[in-house]
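See below for upload26.txt, which holds compact mmCIF, C-alpha atoms.
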# COMPACT_ATOMS: atom_id res chain seq x y z
CA MET A 1 48.24 2.39 42.17
CA PHE A 2 47.23 1.12 38.75
CA ILE A 3 44.18 -0.66 40.19
CA TYR A 4 43.13 2.49 42.06
CA SER A 5 43.48 4.65 38.91
CA PHE A 6 41.53 2.12 36.90
CA HIS A 7 38.79 2.12 39.53
CA ARG A 8 38.54 5.92 39.44
CA LEU A 9 38.45 5.83 35.63
CA SER A 10 35.68 3.25 35.73
CA GLN A 11 33.68 5.37 38.17
CA SER A 12 34.16 8.43 35.95
CA ILE A 13 32.93 6.51 32.91
CA LYS A 14 29.86 5.32 34.84
CA LYS A 15 29.10 8.86 35.96
CA PHE A 16 29.55 10.18 32.43
CA CYS A 17 27.26 7.52 30.95
CA TYR A 18 24.63 8.22 33.57
CA GLN A 19 24.73 11.97 32.95
CA PHE A 20 24.85 11.48 29.19
CA SER A 21 21.84 9.16 29.23
CA PHE A 22 19.81 11.51 31.39
CA GLY A 23 20.87 14.53 29.35
CA ALA A 24 19.99 12.81 26.07
CA ILE A 25 16.50 11.96 27.26
CA ALA A 26 15.99 15.45 28.65
CA LEU A 27 17.07 16.84 25.30
CA LEU A 28 14.58 14.59 23.52
CA ILE A 29 11.79 15.79 25.81
CA SER A 30 12.72 19.42 25.26
CA PHE A 31 12.90 18.87 21.52
CA HIS A 32 9.49 17.20 21.50
CA LEU A 33 7.85 19.92 23.59
CA PHE A 34 9.37 22.55 21.32
CA THR A 35 8.29 20.94 18.06
CA VAL A 36 4.72 20.21 19.23
CA ASP A 37 3.93 23.91 19.13
CA ALA A 38 6.74 25.00 16.80
CA TRP A 39 4.27 26.14 14.20
CA ALA A 40 1.57 27.28 16.62
CA LEU A 41 0.61 30.88 15.98
CA GLN A 42 -0.11 33.35 18.76
CA VAL A 43 -2.48 36.29 18.39
CA SER A 44 0.51 38.57 18.92
CA ASP A 45 2.09 37.09 15.78
CA ILE A 46 -0.76 38.35 13.59
CA PRO A 47 -0.37 41.96 12.38
CA ASP A 48 -3.05 44.61 12.81
CA LEU A 49 -5.56 45.02 9.98
CA ALA A 50 -3.98 48.27 8.82
CA GLU A 51 -0.60 46.58 8.50
CA LEU A 52 -2.12 43.57 6.73
CA LYS A 53 -3.79 45.83 4.22
CA THR A 54 -0.44 47.35 3.26
CA ILE A 55 0.90 43.83 2.70
CA THR A 56 -2.03 42.13 0.95
CA ASP A 57 -4.09 45.10 -0.38
CA GLN A 58 -7.20 43.57 1.24
CA THR A 59 -8.30 42.12 4.56
CA TRP A 60 -11.31 40.08 3.48
CA VAL A 61 -9.29 36.84 3.31
CA ILE A 62 -6.07 36.34 5.29
CA ASP A 63 -4.56 32.97 4.39
CA ASP A 64 -1.44 32.13 6.37
CA SER A 65 -2.20 28.41 6.02
CA GLU A 66 -1.38 28.46 2.29
CA VAL A 67 -4.04 25.82 1.60
CA LEU A 68 -6.76 28.03 0.11
CA SER A 69 -6.80 28.25 -3.66
CA ALA A 70 -6.53 31.53 -5.54
CA LEU A 71 -10.10 30.98 -6.78
CA THR A 72 -11.44 30.50 -3.24
CA LYS A 73 -9.68 33.60 -1.97
CA SER A 74 -10.87 35.79 -4.85
CA THR A 75 -14.44 34.42 -4.67
CA VAL A 76 -14.75 34.91 -0.92
CA ALA A 77 -13.11 38.35 -1.04
CA ASN A 78 -15.49 39.43 -3.81
CA LYS A 79 -18.51 38.24 -1.82
CA ALA A 80 -17.26 39.98 1.34
CA GLU A 81 -16.69 43.25 -0.50
CA LYS A 82 -20.16 43.22 -2.06
CA LEU A 83 -21.71 42.23 1.25
CA ALA A 84 -20.03 45.19 2.96
CA GLU A 85 -21.39 47.55 0.30
CA ALA A 86 -24.91 46.13 0.63
CA THR A 87 -25.17 45.73 4.40
CA GLY A 88 -22.31 47.66 6.02
CA ILE A 89 -21.09 44.44 7.60
CA ASP A 90 -17.45 43.43 7.13
CA VAL A 91 -16.60 39.73 7.03
CA HIS A 92 -12.97 38.70 7.51
CA VAL A 93 -11.88 35.12 6.89
CA VAL A 94 -8.65 34.03 8.59
CA ALA A 95 -6.97 30.70 7.88
CA ILE A 96 -3.78 29.68 9.70
CA ARG A 97 -2.00 26.37 10.20
CA ARG A 98 -2.36 25.82 13.94
CA ILE A 99 -2.81 27.41 17.33
CA ASP A 100 -1.56 26.18 20.68
CA LEU A 101 -3.20 22.83 21.49
CA GLY A 102 -4.00 24.04 24.99
CA GLN A 103 -5.92 27.10 23.84
CA PRO A 104 -9.61 26.84 22.89
CA VAL A 105 -10.23 28.03 19.35
CA ALA A 106 -13.06 30.32 20.49
CA GLU A 107 -10.68 32.04 22.91
CA PHE A 108 -8.06 32.58 20.21
CA THR A 109 -10.67 34.01 17.83
CA ALA A 110 -12.05 36.33 20.50
CA GLU A 111 -8.54 37.59 21.30
CA LEU A 112 -7.86 38.29 17.63
CA PHE A 113 -11.24 40.04 17.33
CA ASP A 114 -10.33 42.24 20.31
CA LYS A 115 -6.93 43.01 18.82
CA TRP A 116 -8.32 44.05 15.45
CA PHE A 117 -11.34 45.88 16.84
CA PRO A 118 -10.51 47.31 20.29
CA THR A 119 -13.81 49.09 21.05
CA GLU A 120 -17.43 47.95 20.97
CA GLU A 121 -18.08 50.50 18.25
CA ASP A 122 -15.25 49.04 16.17
CA LYS A 123 -16.62 45.52 16.66
CA ALA A 124 -20.28 46.31 15.97
CA ASN A 125 -20.39 45.57 12.21
CA GLN A 126 -17.61 42.99 12.08
CA VAL A 127 -17.54 39.22 11.55
CA LEU A 128 -14.46 37.03 11.93
CA LEU A 129 -14.54 33.54 10.46
CA PHE A 130 -11.57 31.53 11.69
CA LEU A 131 -10.03 28.27 10.48
CA ALA A 132 -6.96 26.44 11.81
CA THR A 133 -6.19 23.90 9.09
CA GLU A 134 -3.77 21.48 10.77
CA ASP A 135 -5.87 21.54 13.94
CA HIS A 136 -9.13 21.12 12.01
CA ARG A 137 -10.70 23.81 14.20
CA THR A 138 -13.17 26.53 13.31
CA ALA A 139 -14.76 29.48 15.11
CA ILE A 140 -16.74 32.66 14.54
CA GLU A 141 -16.88 36.00 16.34
CA THR A 142 -19.44 38.75 15.66
CA GLY A 143 -20.15 42.31 16.75
CA SER A 144 -23.31 43.61 18.44
CA LYS A 145 -25.06 44.91 15.30
CA VAL A 146 -24.30 41.68 13.46
CA LYS A 147 -25.93 39.66 16.27
CA ALA A 148 -29.20 41.49 15.54
CA VAL A 149 -29.41 39.79 12.12
CA LEU A 150 -27.30 36.71 12.79
CA PRO A 151 -28.61 34.72 15.79
CA ALA A 152 -25.98 33.04 17.94
CA ASN A 153 -27.24 29.53 17.14
CA ILE A 154 -26.89 30.11 13.39
CA ALA A 155 -23.45 31.70 13.83
CA MET A 156 -22.25 28.70 15.84
CA SER A 157 -23.77 26.30 13.32
CA ILE A 158 -21.87 28.00 10.50
CA ALA A 159 -18.58 27.46 12.33
CA ASP A 160 -19.26 24.09 14.00
CA GLU A 161 -21.20 22.37 11.22
CA THR A 162 -21.01 24.10 7.83
CA MET A 163 -17.26 24.75 8.10
CA LEU A 164 -16.06 22.10 10.54
CA TYR A 165 -17.46 19.07 8.71
CA PRO A 166 -15.44 19.60 5.48
CA ALA A 167 -12.44 20.94 7.44
CA ARG A 168 -12.15 17.66 9.33
CA LYS A 169 -11.87 15.94 5.96
CA ALA A 170 -9.18 18.45 4.89
CA ASN A 171 -11.60 20.06 2.40
CA TYR A 172 -10.58 23.56 3.46
CA ASN A 173 -11.71 25.39 0.34
CA GLN A 174 -15.15 23.81 0.68
CA ALA A 175 -15.27 24.82 4.36
CA VAL A 176 -14.51 28.47 3.63
CA ASN A 177 -16.73 28.74 0.55
CA GLU A 178 -19.77 27.10 2.14
CA GLY A 179 -19.33 28.98 5.40
CA MET A 180 -19.17 32.29 3.54
CA SER A 181 -22.16 31.44 1.33
CA ARG A 182 -24.37 30.57 4.30
CA LEU A 183 -23.22 33.64 6.20
CA GLU A 184 -23.88 35.85 3.17
CA ALA A 185 -27.42 34.54 2.77
CA VAL A 186 -28.37 35.23 6.40
CA LEU A 187 -26.73 38.66 6.54
CA LYS A 188 -28.63 39.69 3.41
CA GLY A 189 -31.89 38.82 5.12
CA ASN A 190 -32.55 35.62 3.21
CA PRO A 191 -33.72 32.38 4.87
CA ASP A 192 -30.96 30.37 6.49
CA PRO A 193 -30.08 27.49 4.13
CA GLY A 194 -28.97 25.48 7.16
CA ALA A 195 -26.00 23.22 7.67
CA PRO A 196 -25.32 20.34 5.27
CA LEU A 197 -27.33 17.29 6.31
CA LEU A 198 -24.20 15.16 6.69
CA ALA A 199 -22.68 17.73 9.04
CA VAL A 200 -25.78 17.71 11.24
CA GLU A 201 -25.89 13.90 11.32
CA GLU A 202 -22.20 13.69 12.20
CA SER A 203 -22.49 16.22 15.02
CA GLU A 204 -25.39 14.25 16.51
CA THR A 205 -23.97 10.72 16.16
CA SER A 206 -20.18 10.90 15.98
CA ASN A 207 -18.25 9.43 18.91
CA TYR A 208 -14.87 9.96 17.28
CA ALA A 209 -12.31 12.21 18.91
CA THR A 210 -11.47 15.40 17.06
CA LYS A 211 -8.02 15.83 15.54
CA GLU A 212 -6.90 18.21 18.28
CA GLU A 213 -8.03 15.75 20.97
CA THR A 214 -6.16 12.91 19.27
CA GLU A 215 -3.10 15.08 18.73
CA ALA A 216 -3.03 16.25 22.34
CA SER A 217 -3.44 12.70 23.60
CA SER A 218 -0.61 11.43 21.39
CA SER A 219 1.59 14.30 22.47
CA ASN A 220 1.01 13.53 26.16
CA LEU A 221 1.72 9.83 25.59
CA VAL A 222 5.06 10.59 23.95
CA VAL A 223 6.07 12.83 26.86
CA ILE A 224 5.13 10.13 29.40
CA LEU A 225 7.13 7.48 27.51
CA LEU A 226 10.15 9.77 27.34
CA LEU A 227 9.93 10.45 31.06
CA ILE A 228 9.83 6.71 31.76
CA LEU A 229 12.87 6.22 29.55
CA ALA A 230 14.61 9.09 31.33
CA THR A 231 14.22 7.12 34.56
CA LEU A 232 14.92 3.59 33.34
CA LEU A 233 17.73 4.11 30.86
CA PRO A 234 20.23 5.67 33.29
CA MET A 235 19.46 2.91 35.81
CA ALA A 236 19.95 0.22 33.19
CA THR A 237 23.21 1.82 32.09
CA TYR A 238 24.44 2.01 35.68
CA TYR A 239 23.67 -1.63 36.51
CA TRP A 240 25.15 -2.80 33.24
CA LEU A 241 28.38 -1.00 34.04
CA GLN A 242 28.30 -2.39 37.58
CA GLY A 243 28.31 -5.89 36.15
CA LYS A 244 31.33 -5.21 33.98
CA PRO A 245 34.63 -6.62 35.34
Write out the structure in this file as structure tokens.
Amino acid sequence: MFIYSFHRLSQSIKKFCYQFSFGAIALLISFHLFTVDAWALQVSDIPDLAELKTITDQTWVIDDSEVLSALTKSTVANKAEKLAEATGIDVHVVAIRRIDLGQPVAEFTAELFDKWFPTEEDKANQVLLFLATEDHRTAIETGSKVKAVLPANIAMSIADETMLYPARKANYNQAVNEGMSRLEAVLKGNPDPGAPLLAVEESETSNYATKEETEASSSNLVVILLLILATLLPMATYYWLQGKP
């Protein structure tokens, strides 16, 4: 009777260890998947412009990333306000920490543009400069009347070269200031000063993965390793217990 009870107890312990091991690994995977995008912002998380204006008193610069200096924000806001008075074009600069790794930055920016300016008439004289600081990602979205004075190739160059080059080096204030300065020049009808030479050279010659590509790859590798552990650890625990007297 004692031997039978001991055998049942042993089997119960084995079953518990197996379930505990599997559950622990599953918990680790869930925790990892949760924390990867824990700080990722969705378009739905960003208030409408009218609501933002009641909170910040202005909508020229929205800095949820908390990396832009007070000087940068005041300088860019002042330029945007004067530009609106001179040209009728509103430029909004948005800086956040991160977006979902699986979502293209251009898609996120377009969705936010649609949210803030629902109709084509609303969009016509609007520009949205977007920066995700932890992702090192930049984008631009413009309305129909803006496109008449800001060609698509220059708009993309402002986001992908003028802003992206310093952003990748974590020089976020430089990215916003230089992006706004180049945009201001073109919208005022002045010659395009062009992207910084280093930015052009890097875009033509760099074979390095972007931060978001590296981050996504690392994230996937961690998940794969955890899944392997979730398979091997319970098996190892089981066979170890089998070998116990």
Sphere at (-14.9, 36.6, 11.1), radius 6 Å, counting all atoms listed in the file: residues as a count of residues only: 8
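We find CA of Gly179 (chain A) and CA of Leu83 (chain A) to be spaced 14.1 Å apart.
Take CA of Thr75 (chain A) and CA of Met163 (chain A): the distance between them is 16.3 Å.
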All residues 7 Å or closer to region 66-73 of chain A, only C-alpha atoms, same chain fewer than 2 positions away omitted, as a ChimeraX atom specification: /A:61,63-64,75-77,172-173,177
Dump as a PDB file, in the coordinates of the input, selection limited to C-alpha atoms:
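Resulting contents of part.pdb:
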ATOM      1  CA  VAL A  61      -9.290  36.840   3.310  1.00  0.00           C
ATOM      2  CA  ASP A  63      -4.560  32.970   4.390  1.00  0.00           C
ATOM      3  CA  ASP A  64      -1.440  32.130   6.370  1.00  0.00           C
ATOM      4  CA  THR A  75     -14.440  34.420  -4.670  1.00  0.00           C
ATOM      5  CA  VAL A  76     -14.750  34.910  -0.920  1.00  0.00           C
ATOM      6  CA  ALA A  77     -13.110  38.350  -1.040  1.00  0.00           C
ATOM      7  CA  TYR A 172     -10.580  23.560   3.460  1.00  0.00           C
ATOM      8  CA  ASN A 173     -11.710  25.390   0.340  1.00  0.00           C
ATOM      9  CA  ASN A 177     -16.730  28.740   0.550  1.00  0.00           C
TER      10      ASN A 177
END
Best match for closeness to Arg97 (chain A) among A:Asp135, A:Asp192, A:Glu161, A:Glu184, counting only C-alpha atoms: A:Asp135
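Between CA of Leu41 (chain A) and CA of Ile99 (chain A) the interatomic distance comes to 5.1 Å.
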12 Å contact set for region 148-155 of chain A, all atoms listed in the file, chain neighbours under 4 positions out, as a PyMOL selection string: chain A and resi 87+89+124-129+138-144+159-163+179-180+182-195
Distance criterion (all atoms listed in the file): nearest to Leu49 (chain A) out of A:Asp114, A:Glu134, A:Glu107, A:Glu121: A:Asp114
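Restricting the calculation to all atoms listed in the file, the smallest distance between Ala110 (chain A) and any of A:Lys123, A:Asp45, A:Ala80, A:Tyr165 is found for A:Lys123.
Nearest-residue note for Arg168 (chain A): choosing from A:Val94, A:Leu197, A:Ala50, A:Leu131, the minimum distance belongs to A:Leu131, counting only C-alpha atoms.
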